[in-house]
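Only one structure is covered here, and it is reproduced in the block below.
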Amino acid sequence: MSAGSPPRMLEGLAALGARGLASGETVVGDLAEGYRRQRKRSGPIPAGTWYAAEVASILLFGALAAIGRLFGGAPPSGAEPGDWREGPLRSGLRDVTWAVRSMTRSRWLGLGVLTILTLAIGANTAAVSLVAGTYRAVSWWEDGARVVSLWPDEEMSMGQLQTVRDEATAFDVVGGWVLGTSSLLDDQGEATSASVAMISPELFDELTVKPALGRGLVPEDGEVGAEPVAVLGKALWESRYGADPSVVGRVVDMDGVRRRVVGIQGAGGQAPGPGAEAWIPLVLDQGNPDFWPQRNLRLVGRLSPGASVADGREDFVRVMQVLAGRFSFFFPPDFGLDATATPANDELWAPMKAPLSLLLAGTLLLLAVAAVDLGNLFLGRTLERVPELRVRTALGASRRRLLGQFLVEGGLWTALGVLLGCGVGSVLARRLAALFPLGAQVTPGSFFAGGLPAFVLATAILVWLLMSGVPIASYLRATRGGVLPRRFEGGRAQATLVVTQAAFATVLLVGSGLFVRSVAKLREIPLGYDAGGVVALHVTPSRTAYPAGEAQLLFEEIEDRVRALPGVRAVGLASGLPLADPFPTSPVNRQESPEEVGAALRAYQQVVDPGYFDALRARVVRGRALLDTDRRGTDAVVVVNEAMARVLWPGQDPVGRQIAVDPHAWDSWHTVVGVIQDMRFRDVTLAVPPAFYLPLAQNPVRQVRMIVSGTGAPVAEAVPGAVAAIDERVPVSPSRDMEKVVADAYGVVGVLMAILSALGALSIVLGAVGLYGALASSVTRYRVELSTRLALGAHPRQLVARVLVVGLTLTLGGVAAGSTVAALGGNLLRALLFGVSPWDPTAFLASAAILGGTGAVAALVPALRAGMTEPADVLRNG
Amino acid sequence: MGEFMGELEQMVLLAVMRLGGGAYGWAVREELAAVAGRHISSGALYTTIDRLERKGCLSSRLADPDPDRGGRPRRYLSVTPAGVEGLQTSREAMKRLWSGVHGVESSR
């Protein structure tokens, strides 16, 4: 370009704007010419300014022209039909208007379609949200590959942790944590209880979630003599302290210890343990009398660079064997040989993978059933709209135009269904998460996390393709020869869809049936007590308000007051709640064989008051339970369970025998006064381990679980008031229904049963709708043939029977296919079921019966309609 | 009868006719400014030209590439018979409307 050319950037913009004009590049040339002439003239406007203004006008008009082309203008006068084409935007808007009008015309159908879509998509987005959210919630550790849980089935003592730290070589960080409940007292004396985790400060850096305010725990916080500190969780900070940033640096009373708040944990993750609301440092103080005996820590280690999980396990086992050698008093010779080491995040995620996958699979099946249903409904509608399509084709509507309208209609439904479904899904996710046991940490994820938007998009596209594709495929097949037939032969497609639906529904029903049987088997396991009408509350007086010894008097006063409440049958106190709290273990020494100390037996320990066994209706098998007379100053007594009696005195009467359970005082003997039936307090599905019960009055504790048997909820509401009447400063946790505790202890089996049953029920309804729709549509389409048969002498009963047979054949065909799929996939469910084979015949037969019955009912109305056809009317009117 | 034209469309067609064989975008614009005193932006001009071409009132041909214009050719315009018919129709219509209207004297 010669001198006097316009600025390059503006010229580029001019070229861009000129694209919207038919004149194209010649415009740029004209403008360049004008620019040179403008430069020669000495006008008031500089050439550059003039040029910029012209380029702006080109851009504006070019854009307007482009938009106008999208809409398409009115045809030139005198143009023939087909001479001009509507712009794609105008055409698309017209299709949307047509689709909306079509939807509102068949209101019930529209409502049905929207409901089906919303439920199916909602269920799926809820499931994906739970999978993503739970994975995030249980991924406590940032470097999931290198942080391992050490012997997760076994709790360790501080002494064991210290030894692992000193002796292990495969780890560069080793720590432990334990979850407990603490009372939080503020300056006004107002107390609440909170779930607090004591954790090795070294582990804080390994956590996924980082402090949002202040700092986390640091190794210096774990040194003996360091200032007591605490880190609060975001939820506790918001609920208890109103999200006040000045809390950081403040001193709070936690269980009588004044701790400085050094930080607030951020959201978007969790730190150990499950449900922890605050964290305090674990201090390994060898002067602590519980340094060796109390085993309540879960150990976690970060592997050194280059060390594998197997190396870590080997090293850990070696250290445990070193312990066994050094302290044969405490540890048997084979201690630690069966220890395991698993990637810490996997340890938490692994138990949830299968149940959540099943949930996802179930909702996907429901979506499949729903999508097939919708495809069927839309196919039926297409078949019924043959006359309309014939008229439109005759008036000049192209094939492409009609197919485009199918796509738009399907897309509109999908968009509405996805919008509503996502809303329903977020609510459903929260409700479903609440059904799972607390320990499972099932948590809904945020919408933008974990690939949920991608999943929703993929679902939307699939549903759209199915809802549009089915009628499109049928229309294309029918019009293959270019001629629109009088009617579509869509019957085979509909039949295939019905069979597919029934197959999917069968798989869901068989799955739910297996879980129903599993839950029934679980419920057959004797608990050893009666949880009906029992509620449990946690009473956690602060150490400051109630120093050692004074808490006991408080508990007795509370118990008396609660016992007097209307509706209360019995009240008991215990150091822990069966199936909810961890129980400490203790070595047990028998007086008959004092040389077999420590290593001989470890049993689970509980401290209870005389009302405990009565409140839970546990049965005394031999001797007596604990009495009010078993107080401080009287003979030390103990009650053992049947398992412990079997282990220590097989075939003998344990009553009157003596055991020592305090490693600090091996010569302090407790007399066995009774044997209580085995009460399940750990894993419901495993055998009850040996356990013993010490009287509360002789073994004071700082906090108690109050177990109240009576009328359930009304009693639970009255208890906090009764406690407050004695002392407002004593925090009482919200009550837990013991039946819910037991249900949670069954794990996810019960939840899966409920969810799969709900999905199964929905799929039955959808299947019935699909079958009804297909048969009804078929009866309408073939009314001329039916009328002809009636006119020629066929009995109406014969037609009814024929339609019923068709319906049942389709249904049972689907049942057979679905049962085969369920049988083939049985192995996948094995790990989740309890006491039931994945090929349990009852579940399969029940599913077949339910679906067969549903099919018969769904086919009945169309069958009766077929029989009631008036041949004369139909043959006259067509 | 030809199609009725908008005011700007008529002006553009008349300018093209006045310029004869040398009518192209920039020249039309200069003609309108010089003769009718009408200054229009490039965007308005070229969209009008495009519209007239779509209606069949204008036709165009590309000249050879011009090095003075960065190798971009000029696009020479000419009025089609349909365009002429349209101009006549519009003019007749205006004449009929003007006849019998008094009190609107020319400002020149």
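Order determines the names: the first chain of the structure tokens is A, the second B, and so forth; residues in each chain are numbered 1 upward, and ligands are numbered 1 upward as they are shown.
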Give me the chain B side of the contact with chain A, cut-off 7 Å, one line per residue showing its nearest atom pair and distance in Å at one decimal, counting only C-alpha atoms, sorted by chain and residue number, as a Markdown table.
```
| residue | atom | partner | partner_atom | distance |
| --- | --- | --- | --- | --- |
| B:Gly25 | CA | A:Asp30 | CA | 6.6 |
| B:Trp26 | CA | A:Asp30 | CA | 5.6 |
| B:Ser41 | CA | A:Glu54 | CA | 6.3 |
| B:Ser42 | CA | A:Glu54 | CA | 5.8 |
| B:Gly43 | CA | A:Ile58 | CA | 4.3 |
| B:Ala44 | CA | A:Phe61 | CA | 6.8 |
| B:Thr47 | CA | A:Leu21 | CA | 6.7 |
| B:Asp50 | CA | A:Ala22 | CA | 6.0 |
| B:Lys55 | CA | A:Pro76 | CA | 6.8 |
| B:Asp68 | CA | A:Ser2 | CA | 7.0 |
| B:Arg69 | CA | A:Gly29 | CA | 5.1 |
| B:Gly70 | CA | A:Met1 | CA | 5.2 |
| B:Arg72 | CA | A:Gly29 | CA | 5.4 |
| B:Pro73 | CA | A:Thr26 | CA | 6.1 |
| B:Arg74 | CA | A:Thr26 | CA | 5.9 |
| B:Arg75 | CA | A:Thr26 | CA | 6.4 |
```
DSSP helix (DSSP H, G or I) residues within range 231-455 of chain A, as a PyMOL selection string: chain A and resi 234-241+245-247+309-326+344-384+386-394+399-435+438-440+452-455
Give me, as number ranges by chain, all polymer residues having an atom no more than 9 Å from Asp346 in chain A, counting only C-alpha atoms and skipping those fewer than 6 positions away in the same chain. A: 138-139, 144, 148
Please list as JSON, numbers by chain every residue within 7 Å of Arg313 in chain A, counting only C-alpha atoms and excluding residues in the same chain fewer than 4 positions away. {"A": [309, 317, 340, 341]}
For Gly656 in chain A: contacts at 12 Å, only C-alpha atoms, fewer than 6 positions along chain excluded, given as a PyMOL selection string: chain A and resi 590-592+622-624+635-640+645+649+669-675
Same residues, C-alpha atoms, saved as a tab-separated table (two decimals), in the first residue's frame:
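Saved to out-v5.tsv:
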```tsv
chain	number	residue	atom	x	y	z
A	590	ARG	CA	-7.79	-63.18	85.82
A	591	GLN	CA	-7.04	-63.82	89.46
A	592	GLU	CA	-6.80	-67.56	88.79
A	622	ARG	CA	-26.59	-65.03	85.45
A	623	GLY	CA	-26.19	-63.37	88.79
A	624	ARG	CA	-27.34	-59.76	89.01
A	635	ASP	CA	-16.43	-53.78	97.00
A	636	ALA	CA	-15.33	-53.17	93.42
A	637	VAL	CA	-17.66	-55.10	91.17
A	638	VAL	CA	-18.05	-55.73	87.45
A	639	VAL	CA	-20.63	-57.27	85.12
A	640	VAL	CA	-19.33	-59.19	82.08
A	645	ALA	CA	-17.61	-65.34	80.17
A	649	TRP	CA	-14.46	-69.26	82.06
A	669	TRP	CA	-9.56	-56.87	91.71
A	670	HIS	CA	-13.15	-56.55	90.63
A	671	THR	CA	-15.66	-59.24	91.55
A	672	VAL	CA	-17.91	-60.49	88.76
A	673	VAL	CA	-21.48	-60.13	90.08
A	674	GLY	CA	-23.39	-60.97	86.94
A	675	VAL	CA	-23.40	-61.89	83.27
```
Given the choices A:Tyr693, A:Phe681, A:Tyr475, A:Tyr772, which gets closest to Phe583 in chain A if the distance is worked out from only C-alpha atoms?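 Answer, going by the shortest atom-to-atom distance: A:Phe681.
CA of Leu808 in chain A is positioned 26.2 Å from CA of Val516 in chain A.
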Just want the 7 Å neighbourhood of range 546-561 of chain A, counted on only C-alpha atoms, with same-chain residues fewer than 5 positions away dropped. Output as a list in words.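 Surrounding residues, per the criterion: Pro541, Val571, Pro700, Arg702, Ala722 and Val723 of chain A.
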Residues just named, written with C-alpha atoms as a short mmCIF file (atom, residue, chain, number, x, y, z; two decimals), in the first residue's frame:
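Dumped to result38.cif:
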```
data_model
loop_
_atom_site.label_atom_id
_atom_site.label_comp_id
_atom_site.auth_asym_id
_atom_site.auth_seq_id
_atom_site.Cartn_x
_atom_site.Cartn_y
_atom_site.Cartn_z
CA PRO A 541 -20.43 -30.49 81.81
CA VAL A 571 -33.12 -43.80 82.65
CA PRO A 700 -16.45 -41.57 87.66
CA ARG A 702 -16.50 -36.53 82.85
CA ALA A 722 -34.90 -30.69 83.05
CA VAL A 723 -31.11 -30.35 82.88
#
```
Pick the closest to Gln798 in chain A from A:Asp744, A:Leu829, A:Gly867, A:Thr500: which is it, counting only C-alpha atoms? A:Gly867
Suppose you want the space between CA of Gly122 in chain A and CA of Val424 in chain A; what is it in Å?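 Between CA of Gly122 in chain A and CA of Val424 in chain A the gap is 5.2 Å.
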Just how far from CA of Leu514 in chain A is CA of Ser763 in chain A, in Å to one decimal?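 Pair CA of Ser763 in chain A / CA of Leu514 in chain A returns 16.5 Å.
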Using DSSP on the backbone coordinates, identify the residues of chain B assigned to strand (DSSP E); present them as a list of chain:residue names. B:Leu58, B:Ser59, B:Ser60, B:Arg61, B:Leu62, B:Ala63, B:Asp64, B:Pro65, B:Asp66, B:Arg72, B:Pro73, B:Arg74, B:Arg75, B:Tyr76, B:Leu77, B:Ser78, B:Val79
Applying 10 Å and only C-alpha atoms, which residues near Val84 in chain B remain after dropping the ones on its own chain fewer than 4 positions away? List them as an MDAnalysis selection string. chainID B and resid 2:3 10 13:14 17 57:58 79:80 88:90
Taking into account only C-alpha atoms, which residue in the set B:Arg51, B:Gly83, B:Ser59, B:Arg29 is nearest to Gly68 in chain A?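 Smallest distance to Gly68 in chain A is found for B:Arg51.
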